[in-house]
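Student: Next up is a structure, given as structure tokens.
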Number of protein chains: 2
Amino acid sequence: MSDITKDIIPVVIGIDIGGTNTKFGFVDKEGNCLEEGSMPTKAEQEIKQFLPRLYQSIDDLLKTISIPVEIRGIGIGVPNGNYYTGTVEDAANINWGKMVPLAYLVQEHYKLPTVLTNDANAAAIGEMLFGVAQGMKDFIIITLGTGLGSGLVANGQLIYGHDGFAGELGHLIVDPNGRFHGNSNQGVLEAYVSATGIKRTAFEMMAKMIEPSPLRDVSFNQLDASMITDAALKGDAIAIACFEYTGRLLGMKLADAVAHLSPEAIVLFGGLTKAGKYLLEPTKKYMEAYLFPIYRNKVKLLISGLEGKNAAVLGASALIWSELEKKKEITVQ
Amino acid sequence: MSDITKDIIPVVIGIDIGGTNTKFGFVDKEGNCLEEGSMPTKAEQEIKQFLPRLYQSIDDLLKTISIPVEIRGIGIGVPNGNYYTGTVEDAANINWGKMVPLAYLVQEHYKLPTVLTNDANAAAIGEMLFGVAQGMKDFIIITLGTGLGSGLVANGQLIYGHDGFAGELGHLIVDPNGRFHGNSNQGVLEAYVSATGIKRTAFEMMAKMIEPSPLRDVSFNQLDASMITDAALKGDAIAIACFEYTGRLLGMKLADAVAHLSPEAIVLFGGLTKAGKYLLEPTKKYMEAYLFPIYRNKVKLLISGLEGKNAAVLGASALIWSELEKKKEITVQ
């Protein structure tokens, strides 16, 4: 199928649903976001109240686009989104209950192909189509936000696993007797390596070390990861020790991930990467030290190519673009 | 291409090269091994001496087959075999040097399609075509021999990784300050979970525990894993504690593997599985305990379906059969 006139631009709608905000945009095949918007998720609302607000916001945004577009499909990134079933299962921090057939509902409304997956998987496809992983067939993305998410790509395909929930590296076991962590096991990776994890590390370091630091004037409830990043960038010894510790644990578990998948690259994404070398150098150093020798000096450690752009919306758009591409292949054959 | 007469049976040659013995057989598409043989690898020999002996042995075996066969291709399982390049790189315990283009050499000799991979990957394909993983698209095989090997399958494809060396779960880090281990890092999984690993565990348990045991009459150099298995099956407390410890560490790292791949099943293969429930029960118990809750009670823990048969030869045969199948698909389209 070719476009009737060259002036109509084919686009998809990319939607990223988070616990706080829902972002969306119209994205063309080259990853240009023609127009984007956002609305509060209101996580306490049921899906019946959320969806009409979403449709209205998207329709309003569409009206602001002055050039003619043809919408081809819809991609959604959402916590606990299951690619296979199109459902959202017990999404953390969103009050939608045990099982919502979100892809079906959106597809019925817009009468357009709709797919969904979790936010980290969407980010992986975003990097593959529009970011630093273009042309790669084997790579891993690690998203460092409130928690630690991941998307794994092997043989050019996202690994969804048997049930659609593969790639939860935030829940790898670092220390079975380690930190407690909400709805997961004791001592899992994201209790250490994430915005909330490094804050807990800062309190350990303040207890252990004797150096003065502006962090010592901040309470646990007031401290956030960006303060630790800022302090590290100013040379603060406690903050730098926090990143060293974070990088050691991340590096150790990335070495394990390499022993599984032997990727071409590992892409880091999210707020903690703003610490630059203070995160990257220890991560690289310890990953290399813990790698089985045949893997050493082969795996690139990269910062996301979508950082600063609306990466989550681009990821969700990439998901549906790659799905439409697959269908085209099947039609052509 | 169809067979000229129905009486000619299409077969492949499956070859499994180990540090001690090299096994080979003629295997049909249903996984029946028509005839099999073996010869000493003589690991101290160079490849130039090994190959003529191998060709001679295979040719001799072919003469013993009384029914007409047509050989379609050759599959090889070999330590450090690289699927992508067809080379063997620094094979542990075999004196072939840094890089041998084994697939090319064998293909040139027989003028038949030839592919190779490492023994655990071949075992994975064997389980998928002929064993307990038939019909599965996402599973992991763990081979418990002198070391711990693994083959990972996702989306119905073996994961070779960027360099062909993915799936080395024996080299996951259990304890960075743990047991020393030859050419790998300190505290890697196979230093604990393998025939040699459980022997080391037995000596720790004899030091720690006070129960009498026939194992206390055996020196380190004389003890082997089968003695520990036999003792466990007779109810020996020390031996049972060894399997409990082995199962705990294996279960913990399998939980990590599930967080990567979310497989339908994990298949265990090799000598240690003869301990039956003494290995399986603690492995299952600890895997479930360390799993992120969304994965619990979903992953089957199975014993290989090829155990007792010549699994390695079947695996190498399955590798080339699946390769010939791929070529057929391309030709058909």
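The way I read the labels, and the way they are meant: chains A, B, ... in the order of the structure tokens, residue 1 as the first residue of every chain, and ligand 1 as the first ligand shown, with later ones counted on from there.
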Give me, as a PyMOL selection string, the residues of chain A touching chain B, with the criterion being at most 7 Å (counting only C-alpha atoms).
Tutor: chain A and resi 138+154-155+159+161-163+165-169+171-173+184-185+256+259-264+290+292-293
Student: Fewer than 6 positions away in the same chain doesn't count, so skip those; otherwise give me all residues within 10 Å of segment 47-49 of chain B, counting only C-alpha atoms, as a list in words.
Tutor: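 After dropping sequence-adjacent residues, the list is Ile94, Asn95, Trp96, Gly97, Val100 and Leu102 of chain B.
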Student: Restricting it to all heavy atoms, dump the selection as a compact mmCIF listing (two decimals), in the first residue's frame.
Tutor:
```txt
# COMPACT_ATOMS: atom_id res chain seq x y z
N ILE B 94 41.70 -28.73 25.02
CA ILE B 94 42.04 -29.34 23.72
C ILE B 94 43.14 -28.48 23.09
O ILE B 94 43.04 -27.25 23.05
CB ILE B 94 40.82 -29.42 22.78
CG1 ILE B 94 39.69 -30.22 23.46
CG2 ILE B 94 41.20 -30.11 21.47
CD1 ILE B 94 38.47 -30.45 22.60
N ASN B 95 44.14 -29.14 22.55
CA ASN B 95 45.36 -28.45 22.11
C ASN B 95 45.26 -28.00 20.65
O ASN B 95 46.13 -28.33 19.83
CB ASN B 95 46.56 -29.40 22.31
CG ASN B 95 47.88 -28.71 22.03
OD1 ASN B 95 48.02 -27.52 22.29
ND2 ASN B 95 48.84 -29.46 21.49
N TRP B 96 44.22 -27.27 20.33
CA TRP B 96 44.05 -26.83 18.94
C TRP B 96 44.44 -25.38 18.73
O TRP B 96 44.27 -24.84 17.63
CB TRP B 96 42.59 -27.00 18.50
CG TRP B 96 42.14 -28.42 18.40
CD1 TRP B 96 42.91 -29.54 18.54
CD2 TRP B 96 40.82 -28.87 18.12
NE1 TRP B 96 42.14 -30.67 18.37
CE2 TRP B 96 40.85 -30.29 18.11
CE3 TRP B 96 39.61 -28.23 17.88
CZ2 TRP B 96 39.73 -31.06 17.87
CZ3 TRP B 96 38.48 -29.00 17.63
CH2 TRP B 96 38.54 -30.40 17.63
N GLY B 97 44.91 -24.73 19.78
CA GLY B 97 45.37 -23.35 19.63
C GLY B 97 44.24 -22.35 19.64
O GLY B 97 43.10 -22.68 19.96
N VAL B 100 40.54 -22.39 15.28
CA VAL B 100 40.51 -23.43 14.25
C VAL B 100 39.21 -23.31 13.47
O VAL B 100 38.13 -23.33 14.06
CB VAL B 100 40.59 -24.83 14.91
CG1 VAL B 100 40.24 -25.90 13.88
CG2 VAL B 100 41.97 -25.08 15.48
N LEU B 102 36.95 -25.07 12.13
CA LEU B 102 36.56 -26.49 12.08
C LEU B 102 35.41 -26.75 11.10
O LEU B 102 35.46 -27.72 10.33
CB LEU B 102 36.19 -26.97 13.48
CG LEU B 102 35.81 -28.45 13.61
CD1 LEU B 102 37.00 -29.34 13.25
CD2 LEU B 102 35.33 -28.77 15.03
```
Student: Compile the contact shell of segment 118-128 of chain B as a ChimeraX atom specification: residues with an atom at most 9 Å away, counting only C-alpha atoms, same-chain residues fewer than 4 positions apart removed.
Tutor: /B:16-18,31,75-83,88,132-137,139-143,149-153,156,158-160,165,167,267,269,304-306,311-319,322
Student: Determine, counting only C-alpha atoms, which protein, DNA and RNA residues have an atom within 10 Å of an atom of Leu51 of chain A; residues of the same chain fewer than 2 positions away are not included. Present the result as a ChimeraX atom specification.
Tutor: /A:41,46-49,53-57,102,105-106,109
Student: For segment 273-275 of chain B, find every residue with an atom within 8 Å (counting only C-alpha atoms), except residues of its own chain fewer than 4 positions away, and show them as number ranges by chain.
Tutor: B: 144, 229-230, 232-233, 268-269, 279-280, 303
Student: Taking only C-alpha atoms into account, which of A:Glu307, A:Glu211, A:Glu36, A:Glu244 comes nearest Lys285 of chain A?
Tutor: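 Of the candidates, the smallest distance to Lys285 of chain A is held by A:Glu244.
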Student: Check segment 200-285 of chain B with DSSP on the backbone and list each residue it calls strand (DSSP E or B), as a PyMOL selection string.
Tutor: chain B and resi 265-269
Student: Looking only at helix (DSSP H, G or I) from DSSP on the backbone, list the matching residues of segment 93-220 of chain A as a PDB file with C-alpha atoms, in the first residue's frame.
Tutor:
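The file below, selection-v7.pdb, is the result:
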```
ATOM      1  CA  LEU A 102      -6.061  -1.923  27.449  1.00  0.00           C
ATOM      2  CA  ALA A 103      -4.910  -2.649  23.870  1.00  0.00           C
ATOM      3  CA  TYR A 104      -8.348  -4.043  23.003  1.00  0.00           C
ATOM      4  CA  LEU A 105     -10.177  -1.050  24.492  1.00  0.00           C
ATOM      5  CA  VAL A 106      -8.009   1.514  22.684  1.00  0.00           C
ATOM      6  CA  GLN A 107      -8.145  -0.444  19.422  1.00  0.00           C
ATOM      7  CA  GLU A 108     -11.970  -0.614  19.609  1.00  0.00           C
ATOM      8  CA  HIS A 109     -12.157   3.136  20.159  1.00  0.00           C
ATOM      9  CA  TYR A 110      -9.811   4.255  17.374  1.00  0.00           C
ATOM     10  CA  ASP A 119       7.938   1.090  29.507  1.00  0.00           C
ATOM     11  CA  ALA A 120      11.454  -0.404  29.524  1.00  0.00           C
ATOM     12  CA  ASN A 121      10.681  -2.710  26.585  1.00  0.00           C
ATOM     13  CA  ALA A 122       9.279   0.265  24.692  1.00  0.00           C
ATOM     14  CA  ALA A 123      12.462   2.193  25.473  1.00  0.00           C
ATOM     15  CA  ALA A 124      14.514  -0.706  24.033  1.00  0.00           C
ATOM     16  CA  ILE A 125      12.612  -0.608  20.743  1.00  0.00           C
ATOM     17  CA  GLY A 126      12.948   3.184  20.776  1.00  0.00           C
ATOM     18  CA  GLU A 127      16.745   2.879  21.018  1.00  0.00           C
ATOM     19  CA  MET A 128      16.743   0.261  18.245  1.00  0.00           C
ATOM     20  CA  LEU A 129      14.714   2.375  15.808  1.00  0.00           C
ATOM     21  CA  PHE A 130      15.670   5.929  16.751  1.00  0.00           C
ATOM     22  CA  LEU A 169      16.617  -7.120  35.915  1.00  0.00           C
ATOM     23  CA  GLY A 170      15.594  -4.801  38.755  1.00  0.00           C
ATOM     24  CA  HIS A 171      14.595  -7.966  40.588  1.00  0.00           C
ATOM     25  CA  LEU A 189      19.105  -4.919  42.469  1.00  0.00           C
ATOM     26  CA  GLU A 190      16.666  -2.005  42.322  1.00  0.00           C
ATOM     27  CA  ALA A 191      16.813  -1.621  46.105  1.00  0.00           C
ATOM     28  CA  ALA A 195      16.891   6.745  42.456  1.00  0.00           C
ATOM     29  CA  THR A 196      15.454   5.326  45.666  1.00  0.00           C
ATOM     30  CA  GLY A 197      18.338   2.852  46.020  1.00  0.00           C
ATOM     31  CA  ILE A 198      21.118   5.426  45.875  1.00  0.00           C
ATOM     32  CA  LYS A 199      19.304   7.503  48.493  1.00  0.00           C
ATOM     33  CA  ARG A 200      19.408   4.505  50.846  1.00  0.00           C
ATOM     34  CA  THR A 201      23.096   4.084  49.970  1.00  0.00           C
ATOM     35  CA  ALA A 202      23.736   7.728  50.885  1.00  0.00           C
ATOM     36  CA  PHE A 203      22.458   7.041  54.383  1.00  0.00           C
ATOM     37  CA  GLU A 204      24.722   4.023  54.727  1.00  0.00           C
ATOM     38  CA  MET A 205      27.691   6.074  53.532  1.00  0.00           C
ATOM     39  CA  MET A 206      26.927   8.926  55.946  1.00  0.00           C
ATOM     40  CA  ALA A 207      26.904   6.364  58.738  1.00  0.00           C
ATOM     41  CA  LYS A 208      30.137   4.714  57.636  1.00  0.00           C
ATOM     42  CA  PRO A 214      25.947  18.981  52.515  1.00  0.00           C
ATOM     43  CA  LEU A 215      23.937  15.721  52.358  1.00  0.00           C
ATOM     44  CA  ARG A 216      24.345  15.507  56.143  1.00  0.00           C
ATOM     45  CA  ASP A 217      21.947  18.470  56.457  1.00  0.00           C
TER      46      ASP A 217
END
```
Student: Any idea what the distance is between atom CA of Ala43 of chain B and atom CA of Thr20 of chain B?
Tutor: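 We find that atom CA of Ala43 of chain B and atom CA of Thr20 of chain B lie 6.9 Å from each other.
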Student: Which residues are close to Pro282 of chain A, i.e. within 12 Å by only C-alpha atoms, leaving aside same-chain residues fewer than 3 positions away? Reply as a ChimeraX atom specification.
Tutor: /A:240-252,275-279,285-289,301
Student: For each of B:Gly178, B:Val115, B:Pro68, B:Leu254, take the minimum atom-to-atom distance to Ile15 of chain B, counting only C-alpha atoms, then give the residue where this is smallest.
Tutor: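 Under the stated criterion, the closest residue is B:Val115.
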